[in-house]
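Since the structure comes first, as structure tokens, the remarks are kept for the end.
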Amino acid sequence: MENHFDLLSLDPVLVTAMLAKIIFVIAVCLGVVPVLVWFERRGAAWMQGRVGPNRVGPFGLLQPLADVIKFFLKEDFVPEKSDRFFYYLAPMVALLAPLGALTVIPFGSFVQFGDYQIPLQIAKVDTGVIFILAFAGLEVYPIIVAGWASNNKYSVLGALRGSSQIVSYEIAMGLSLLSILLVYGTFDPQAMVEYQSGTLAGFLPKWGVFLNPIGAFIFWISTFAETNRLPFDLPEGEAEIVAGYHLEYGSMKFALFFMAEYVAMIMASSLLATLFFGGYSLLPGMGSVVQILASAFGFGAAGTQNLTALFQFISLFSKVAFFMFVMIWIRWTLPRFRFDQLMDLGWKILFPLSLINILFVGCLVYFFKL
Amino acid sequence: MGTINISRKHSLKEKMYIIAILQGMVITLRRFIQGFFLRRHSTILYPEQKRDYSERFRGAHFISIDQNKTENCTACFLCETVCPAECIHIVAEERDDEQNTYGVKKEKKPLSFDIDALRCCFCGFCEEACPKDAIKLSRNYEMAVSTREEAIYDLDFLKREIKGRG
């Protein structure tokens, strides 16, 4: 395993770079969340012919700030018969799990800094996809723990619904992931993106979605279930279970759950972009833009590489932004699935479909050396 | 009676749902573009924009006045009698002979004319009963007050000048 961060010989440049990357990723994520919350509310309003929050700040952009102030000023309420330890643990895990999964998602190839090549990925783990899956799977636990620890029958119902939903989706998700792993032949996200950076048949970018469209589709559907977004947000339900697993949570503890949902959205979208939509590989046409800019400003090899890295981040960010938009778009289009319909879809349609897809892709890879 | 089964067989196209989902997404996207780019919305931004209610809307009460700013009310008690909510309280008085240029037309006048707006049900019977067209309901619907006392309208408040129907 190539180890670029050795604890025994601490290189100040590498340590600084590592800290800078960590701060950068967290800052981008938590900076995007308020914008996303704002967009969710205003986008919903636009789709429904309303105006949405437009009073606080220009275009209502400061509305999330006002919400945060409100959350801080609310009473920090703890139910009497709750399990204190798990009650406090759940919102923390809820936010930390998706943030942890983001550590292995590469947001650029590398930055040339003097003699150092700093890869734009916090943790370079060879089994990156397994790592992401583990942390993504961890997102279920806060739901179950929160529902159980708050000692409320509606919360428990929400938790049960959430856990059964995940049970019926993780299999299809894992199998669709397996089918694309057959194509790439690696677990390392950076290597996957490298694989996808070429072109297919001359004009199409060699993205996983063109190599394995059914797998991409199943994975895309599963990300909705994974992040508990509509139409698969069964853990919540205003009409039938009051609120869901976070019923007994108030003030900032609820805000943590709320933020966790959006961080999970960012995580799922970047995972989808990395696995199936070329990750940080430049969008079609951007390569020539980089060339033109580099020659116009007379950049050397290092400068061109850094400029490429910047554009790679922009490509990944625009892909992620697009998927997050689609998530919000779907949320305000489709109603919530009924419980049995969801089970039907997971077990009777997506599970067999992903199995057939694995067989199909396996044959393609074996016979045509895709 | 018995149960009537209205379910039907769904075709494969209907069972796929994908076409229907795509149709729905096109609709929401169209609405999104309308809202985002064209700023088209049905919301009335209340304090700045106000809903134009019909001419027949029954809002805050007022007592009409003539050109000498004298109330048209002659304290005939018809509105108090007809009021189903019993929210009108009138104390009548005779107009002084020197001040009364109207002769027998306005011999009587209200000393006090209180309307308890918290009891009022805005049925408009008082308006119908009034022989002098004195008490009327305006189109003003912004009647929020911060104390109960403010919601009891006295004669000075009711005699405010209102153009048309307000």
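Letters A, B, ... go to the chains of the structure tokens in the order shown; residues in each chain start at 1; ligands are counted from 1 in the same order.
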Do you have, as JSON lines, the list of residues of chain A lying at most 7 Å from chain B, each with its nearest atom pair and that distance in Å to one decimal, counting only C-alpha atoms and ordered by chain then number?
```
{"residue": "A:Gly43", "atom": "CA", "partner": "B:Phe32", "partner_atom": "CA", "distance": 6.8}
{"residue": "A:Trp46", "atom": "CA", "partner": "B:Gly35", "partner_atom": "CA", "distance": 4.4}
{"residue": "A:Met47", "atom": "CA", "partner": "B:Phe32", "partner_atom": "CA", "distance": 4.4}
{"residue": "A:Gln48", "atom": "CA", "partner": "B:Arg31", "partner_atom": "CA", "distance": 6.9}
{"residue": "A:Gly49", "atom": "CA", "partner": "B:His41", "partner_atom": "CA", "distance": 4.6}
{"residue": "A:Arg50", "atom": "CA", "partner": "B:His41", "partner_atom": "CA", "distance": 5.2}
{"residue": "A:Val51", "atom": "CA", "partner": "B:Thr43", "partner_atom": "CA", "distance": 6.4}
{"residue": "A:Ile330", "atom": "CA", "partner": "B:Met25", "partner_atom": "CA", "distance": 7.0}
{"residue": "A:Thr333", "atom": "CA", "partner": "B:Met25", "partner_atom": "CA", "distance": 5.9}
```
Any chance you could export the current selection's C-alpha atoms as a short mmCIF file (atom, residue, chain, number, x, y, z; two decimals), in the first residue's frame?
```cif
data_model
loop_
_atom_site.label_atom_id
_atom_site.label_comp_id
_atom_site.auth_asym_id
_atom_site.auth_seq_id
_atom_site.Cartn_x
_atom_site.Cartn_y
_atom_site.Cartn_z
CA GLY A 43 -37.31 25.02 -4.95
CA TRP A 46 -41.27 27.30 -7.08
CA MET A 47 -42.48 23.86 -8.08
CA GLN A 48 -45.74 24.43 -6.24
CA GLY A 49 -46.32 27.95 -7.56
CA ARG A 50 -45.43 29.60 -4.27
CA VAL A 51 -42.69 32.04 -3.32
CA ILE A 330 -37.89 13.96 -7.22
CA THR A 333 -42.68 15.18 -7.57
#
```
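The list of residues with at least one atom within 12 Å of Phe157 of chain B, based on only C-alpha atoms and without residues fewer than 5 positions apart in the same chain, reads Ala60, His61, Phe62, Ile63, Ser64, Glu71, Ser112, Phe113, Asp114, Ile115, Glu150, Ala151, Ile152 and Ile162 of chain B.
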Write the residues you've just listed into a file as an mmCIF file, in the first residue's frame, and include C-alpha atoms for each of them.
```cif
data_model
loop_
_atom_site.group_PDB
_atom_site.id
_atom_site.type_symbol
_atom_site.label_atom_id
_atom_site.label_comp_id
_atom_site.auth_asym_id
_atom_site.auth_seq_id
_atom_site.Cartn_x
_atom_site.Cartn_y
_atom_site.Cartn_z
ATOM 1 C CA ALA B 60 -64.906 46.741 10.018
ATOM 2 C CA HIS B 61 -67.975 48.851 10.925
ATOM 3 C CA PHE B 62 -68.344 52.553 10.421
ATOM 4 C CA ILE B 63 -71.082 55.165 10.724
ATOM 5 C CA SER B 64 -71.561 57.352 7.696
ATOM 6 C CA GLU B 71 -73.394 61.274 11.965
ATOM 7 C CA SER B 112 -72.598 56.745 22.827
ATOM 8 C CA PHE B 113 -72.519 54.026 20.212
ATOM 9 C CA ASP B 114 -70.395 51.027 21.152
ATOM 10 C CA ILE B 115 -69.817 47.962 19.002
ATOM 11 C CA GLU B 150 -59.391 48.333 21.624
ATOM 12 C CA ALA B 151 -61.843 45.913 20.015
ATOM 13 C CA ILE B 152 -64.811 47.818 21.439
ATOM 14 C CA ILE B 162 -64.358 56.169 4.822
#
```
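Note that the spacing between atom CA of Thr103 of chain A and atom CA of Tyr87 of chain A amounts to 26.2 Å.
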Item to check | Close residues, Val91 of chain B itself excluded, 12 Å, only C-alpha atoms, min 6 positions apart in chain, as a ChimeraX atom specification | outcome: /B:73-77,80,108-115,154-155
Gln196 of chain A: which residues within 8 Å, counting only C-alpha atoms, same-chain residues fewer than 6 positions away excluded, as a PDB file with N, CA and C atoms, in the first residue's frame?
```pdb
ATOM      1  N   PRO A 205     -18.095  10.051 -23.002  1.00  0.00           N
ATOM      2  CA  PRO A 205     -17.131   9.845 -21.929  1.00  0.00           C
ATOM      3  C   PRO A 205     -17.280   8.432 -21.385  1.00  0.00           C
ATOM      4  N   LYS A 206     -16.171   7.830 -20.983  1.00  0.00           N
ATOM      5  CA  LYS A 206     -16.190   6.415 -20.582  1.00  0.00           C
ATOM      6  C   LYS A 206     -16.675   6.291 -19.141  1.00  0.00           C
ATOM      7  N   TRP A 207     -17.872   6.733 -18.892  1.00  0.00           N
ATOM      8  CA  TRP A 207     -18.414   6.720 -17.553  1.00  0.00           C
ATOM      9  C   TRP A 207     -19.069   5.373 -17.269  1.00  0.00           C
ATOM     10  N   GLY A 208     -19.126   5.036 -15.994  1.00  0.00           N
ATOM     11  CA  GLY A 208     -19.721   3.772 -15.593  1.00  0.00           C
ATOM     12  C   GLY A 208     -21.173   3.656 -16.017  1.00  0.00           C
ATOM     13  N   GLY A 278     -17.995   9.302 -13.655  1.00  0.00           N
ATOM     14  CA  GLY A 278     -16.664   9.809 -13.941  1.00  0.00           C
ATOM     15  C   GLY A 278     -16.005  10.580 -12.823  1.00  0.00           C
ATOM     16  N   SER A 281     -13.204  13.340 -13.105  1.00  0.00           N
ATOM     17  CA  SER A 281     -12.696  13.479 -14.472  1.00  0.00           C
ATOM     18  C   SER A 281     -13.451  14.613 -15.162  1.00  0.00           C
TER      19      SER A 281
END
```
Item to check | Spatial neighbours of Pro231 of chain A, 12 Å, only C-alpha atoms, chain gap at least 3 places, as a VMD selection string | outcome: (chain A and resid 165 221 to 228 234 to 237 327 to 339 341 to 342 345) or (chain B and resid 21)
For the residues selected in the previous step, produce a file with N, CA and C atoms as an mmCIF file, in the first residue's frame.
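What landed in selection25.cif:
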```cif
data_model
loop_
_atom_site.group_PDB
_atom_site.id
_atom_site.type_symbol
_atom_site.label_atom_id
_atom_site.label_comp_id
_atom_site.auth_asym_id
_atom_site.auth_seq_id
_atom_site.Cartn_x
_atom_site.Cartn_y
_atom_site.Cartn_z
ATOM 1 N N GLN A 165 -36.682 -0.897 5.671
ATOM 2 C CA GLN A 165 -36.421 -0.312 4.358
ATOM 3 C C GLN A 165 -34.976 -0.559 3.943
ATOM 4 N N ILE A 221 -31.401 4.532 -7.549
ATOM 5 C CA ILE A 221 -32.623 4.380 -6.758
ATOM 6 C C ILE A 221 -32.269 4.084 -5.306
ATOM 7 N N SER A 222 -31.241 3.236 -5.112
ATOM 8 C CA SER A 222 -30.878 2.852 -3.755
ATOM 9 C C SER A 222 -30.349 4.027 -2.949
ATOM 10 N N THR A 223 -29.694 4.996 -3.628
ATOM 11 C CA THR A 223 -29.184 6.133 -2.862
ATOM 12 C C THR A 223 -30.333 6.915 -2.234
ATOM 13 N N PHE A 224 -31.480 6.927 -2.884
ATOM 14 C CA PHE A 224 -32.636 7.608 -2.291
ATOM 15 C C PHE A 224 -33.035 6.930 -0.981
ATOM 16 N N ALA A 225 -33.045 5.582 -1.027
ATOM 17 C CA ALA A 225 -33.405 4.848 0.173
ATOM 18 C C ALA A 225 -32.331 5.004 1.233
ATOM 19 N N GLU A 226 -31.084 5.041 0.783
ATOM 20 C CA GLU A 226 -29.957 5.130 1.712
ATOM 21 C C GLU A 226 -29.981 6.455 2.479
ATOM 22 N N THR A 227 -30.351 7.536 1.790
ATOM 23 C CA THR A 227 -30.345 8.843 2.448
ATOM 24 C C THR A 227 -31.720 9.196 3.009
ATOM 25 N N ASN A 228 -32.657 8.251 2.967
ATOM 26 C CA ASN A 228 -34.008 8.477 3.487
ATOM 27 C C ASN A 228 -34.676 9.677 2.845
ATOM 28 N N LEU A 234 -39.415 6.421 4.548
ATOM 29 C CA LEU A 234 -40.346 5.760 5.458
ATOM 30 C C LEU A 234 -40.085 6.043 6.937
ATOM 31 N N PRO A 235 -38.826 6.241 7.380
ATOM 32 C CA PRO A 235 -38.637 6.525 8.811
ATOM 33 C C PRO A 235 -39.405 7.758 9.261
ATOM 34 N N GLU A 236 -39.728 8.649 8.335
ATOM 35 C CA GLU A 236 -40.529 9.807 8.698
ATOM 36 C C GLU A 236 -41.940 9.601 8.169
ATOM 37 N N GLY A 237 -42.867 10.347 8.700
ATOM 38 C CA GLY A 237 -44.231 10.236 8.209
ATOM 39 C C GLY A 237 -45.120 11.089 9.092
ATOM 40 N N MET A 327 -32.395 15.022 -6.662
ATOM 41 C CA MET A 327 -32.988 14.495 -5.434
ATOM 42 C C MET A 327 -34.121 15.395 -4.948
ATOM 43 N N ILE A 328 -33.868 16.717 -4.979
ATOM 44 C CA ILE A 328 -34.890 17.652 -4.523
ATOM 45 C C ILE A 328 -36.070 17.652 -5.495
ATOM 46 N N TRP A 329 -35.734 17.568 -6.774
ATOM 47 C CA TRP A 329 -36.744 17.550 -7.832
ATOM 48 C C TRP A 329 -37.673 16.357 -7.639
ATOM 49 N N ILE A 330 -37.076 15.173 -7.410
ATOM 50 C CA ILE A 330 -37.890 13.959 -7.216
ATOM 51 C C ILE A 330 -38.720 14.091 -5.951
ATOM 52 N N ARG A 331 -38.115 14.695 -4.915
ATOM 53 C CA ARG A 331 -38.821 14.772 -3.639
ATOM 54 C C ARG A 331 -40.140 15.505 -3.798
ATOM 55 N N TRP A 332 -40.143 16.565 -4.606
ATOM 56 C CA TRP A 332 -41.368 17.345 -4.735
ATOM 57 C C TRP A 332 -42.219 16.874 -5.892
ATOM 58 N N THR A 333 -41.852 15.746 -6.500
ATOM 59 C CA THR A 333 -42.681 15.182 -7.567
ATOM 60 C C THR A 333 -43.451 13.965 -7.083
ATOM 61 N N LEU A 334 -42.742 13.061 -6.373
ATOM 62 C CA LEU A 334 -43.345 11.775 -6.048
ATOM 63 C C LEU A 334 -43.852 11.753 -4.613
ATOM 64 N N PRO A 335 -44.943 11.045 -4.376
ATOM 65 C CA PRO A 335 -45.390 10.842 -3.005
ATOM 66 C C PRO A 335 -44.600 9.722 -2.349
ATOM 67 N N ARG A 336 -44.769 9.575 -1.048
ATOM 68 C CA ARG A 336 -44.066 8.523 -0.318
ATOM 69 C C ARG A 336 -44.652 7.162 -0.680
ATOM 70 N N PHE A 337 -43.762 6.160 -0.856
ATOM 71 C CA PHE A 337 -44.218 4.815 -1.140
ATOM 72 C C PHE A 337 -44.925 4.238 0.081
ATOM 73 N N ARG A 338 -45.899 3.359 -0.194
ATOM 74 C CA ARG A 338 -46.492 2.637 0.913
ATOM 75 C C ARG A 338 -45.524 1.545 1.327
ATOM 76 N N PHE A 339 -45.663 1.079 2.567
ATOM 77 C CA PHE A 339 -44.688 0.163 3.137
ATOM 78 C C PHE A 339 -44.528 -1.101 2.303
ATOM 79 N N GLN A 341 -45.450 -1.626 -0.798
ATOM 80 C CA GLN A 341 -44.982 -1.331 -2.153
ATOM 81 C C GLN A 341 -43.464 -1.239 -2.186
ATOM 82 N N LEU A 342 -42.919 -0.626 -1.119
ATOM 83 C CA LEU A 342 -41.476 -0.482 -1.039
ATOM 84 C C LEU A 342 -40.798 -1.835 -0.949
ATOM 85 N N LEU A 345 -40.931 -3.533 -4.287
ATOM 86 C CA LEU A 345 -39.954 -2.971 -5.218
ATOM 87 C C LEU A 345 -38.561 -3.472 -4.890
ATOM 88 N N ILE B 21 -43.806 8.500 -13.884
ATOM 89 C CA ILE B 21 -42.890 9.286 -13.051
ATOM 90 C C ILE B 21 -42.234 10.375 -13.884
#
```
Within 10 Å of segment 138-149 of chain B, counting only C-alpha atoms, which residues show up once you throw out same-chain ones fewer than 4 positions away? Write them as a PDB file with N, CA and C atoms, in the first residue's frame, please.
```pdb
ATOM      1  N   ASP B  52     -57.910  41.825  -3.134  1.00  0.00           N
ATOM      2  CA  ASP B  52     -59.024  42.719  -3.426  1.00  0.00           C
ATOM      3  C   ASP B  52     -60.313  41.934  -3.222  1.00  0.00           C
ATOM      4  N   TYR B  53     -60.944  42.158  -2.082  1.00  0.00           N
ATOM      5  CA  TYR B  53     -62.176  41.432  -1.803  1.00  0.00           C
ATOM      6  C   TYR B  53     -63.336  42.042  -2.575  1.00  0.00           C
ATOM      7  N   SER B  54     -64.445  41.335  -2.633  1.00  0.00           N
ATOM      8  CA  SER B  54     -65.571  41.802  -3.424  1.00  0.00           C
ATOM      9  C   SER B  54     -66.208  43.024  -2.758  1.00  0.00           C
ATOM     10  N   GLU B  55     -67.015  43.755  -3.509  1.00  0.00           N
ATOM     11  CA  GLU B  55     -67.680  44.948  -2.999  1.00  0.00           C
ATOM     12  C   GLU B  55     -68.605  44.610  -1.835  1.00  0.00           C
ATOM     13  N   ARG B  56     -69.047  43.347  -1.786  1.00  0.00           N
ATOM     14  CA  ARG B  56     -70.028  42.970  -0.770  1.00  0.00           C
ATOM     15  C   ARG B  56     -69.352  42.490   0.500  1.00  0.00           C
ATOM     16  N   PHE B  57     -68.026  42.530   0.535  1.00  0.00           N
ATOM     17  CA  PHE B  57     -67.309  42.012   1.702  1.00  0.00           C
ATOM     18  C   PHE B  57     -67.696  42.801   2.953  1.00  0.00           C
ATOM     19  N   ARG B  58     -67.925  42.105   4.053  1.00  0.00           N
ATOM     20  CA  ARG B  58     -68.332  42.763   5.295  1.00  0.00           C
ATOM     21  C   ARG B  58     -67.168  42.768   6.271  1.00  0.00           C
ATOM     22  N   GLY B  59     -66.551  43.957   6.449  1.00  0.00           N
ATOM     23  CA  GLY B  59     -65.419  44.085   7.357  1.00  0.00           C
ATOM     24  C   GLY B  59     -65.731  45.014   8.511  1.00  0.00           C
ATOM     25  N   ALA B  60     -64.764  45.870   8.848  1.00  0.00           N
ATOM     26  CA  ALA B  60     -64.906  46.741  10.018  1.00  0.00           C
ATOM     27  C   ALA B  60     -66.076  47.709   9.846  1.00  0.00           C
ATOM     28  N   HIS B  61     -66.783  47.992  10.960  1.00  0.00           N
ATOM     29  CA  HIS B  61     -67.975  48.851  10.925  1.00  0.00           C
ATOM     30  C   HIS B  61     -67.584  50.310  10.853  1.00  0.00           C
ATOM     31  N   PHE B  62     -68.487  51.104  10.296  1.00  0.00           N
ATOM     32  CA  PHE B  62     -68.344  52.553  10.421  1.00  0.00           C
ATOM     33  C   PHE B  62     -69.723  53.184  10.335  1.00  0.00           C
ATOM     34  N   ILE B  63     -69.816  54.433  10.796  1.00  0.00           N
ATOM     35  CA  ILE B  63     -71.082  55.165  10.724  1.00  0.00           C
ATOM     36  C   ILE B  63     -70.887  56.295   9.736  1.00  0.00           C
ATOM     37  N   ASP B 116     -69.089  45.970  20.124  1.00  0.00           N
ATOM     38  CA  ASP B 116     -68.091  45.020  20.605  1.00  0.00           C
ATOM     39  C   ASP B 116     -67.698  44.117  19.434  1.00  0.00           C
ATOM     40  N   ALA B 117     -66.565  44.441  18.792  1.00  0.00           N
ATOM     41  CA  ALA B 117     -66.171  43.696  17.591  1.00  0.00           C
ATOM     42  C   ALA B 117     -65.809  42.250  17.910  1.00  0.00           C
ATOM     43  N   LEU B 118     -65.525  41.956  19.170  1.00  0.00           N
ATOM     44  CA  LEU B 118     -65.210  40.569  19.519  1.00  0.00           C
ATOM     45  C   LEU B 118     -66.462  39.698  19.508  1.00  0.00           C
ATOM     46  N   TYR B 153     -65.490  49.287  19.657  1.00  0.00           N
ATOM     47  CA  TYR B 153     -65.449  50.519  18.864  1.00  0.00           C
ATOM     48  C   TYR B 153     -66.430  51.531  19.446  1.00  0.00           C
ATOM     49  N   ILE B 162     -64.665  57.311   5.681  1.00  0.00           N
ATOM     50  CA  ILE B 162     -64.358  56.169   4.822  1.00  0.00           C
ATOM     51  C   ILE B 162     -64.897  56.469   3.448  1.00  0.00           C
ATOM     52  N   LYS B 163     -64.031  56.327   2.467  1.00  0.00           N
ATOM     53  CA  LYS B 163     -64.442  56.640   1.103  1.00  0.00           C
ATOM     54  C   LYS B 163     -65.074  55.404   0.476  1.00  0.00           C
ATOM     55  N   GLY B 164     -66.220  55.579  -0.110  1.00  0.00           N
ATOM     56  CA  GLY B 164     -66.910  54.462  -0.758  1.00  0.00           C
ATOM     57  C   GLY B 164     -67.208  53.386   0.272  1.00  0.00           C
ATOM     58  N   ARG B 165     -66.712  52.190  -0.022  1.00  0.00           N
ATOM     59  CA  ARG B 165     -66.900  51.097   0.918  1.00  0.00           C
ATOM     60  C   ARG B 165     -65.603  50.780   1.646  1.00  0.00           C
ATOM     61  N   GLY B 166     -64.636  51.669   1.559  1.00  0.00           N
ATOM     62  CA  GLY B 166     -63.394  51.444   2.285  1.00  0.00           C
ATOM     63  C   GLY B 166     -62.422  50.587   1.538  1.00  0.00           C
TER      64      GLY B 166
END
```
Item to check | Distance query Leu283 of chain A at most 10 Å, only C-alpha atoms, self and fewer than 6 positions along chain excluded, as a ChimeraX atom specification | outcome: /A:197,205,277,311-312,314-316,318-319
Next on the checklist: For the strand (DSSP E or B) assignment from backbone DSSP, which residues of segment 5-135 of chain B qualify? Please present them as a PyMOL selection string.
Outcome noted: chain B and resi 61-63+65+71+88-94+108-116+135
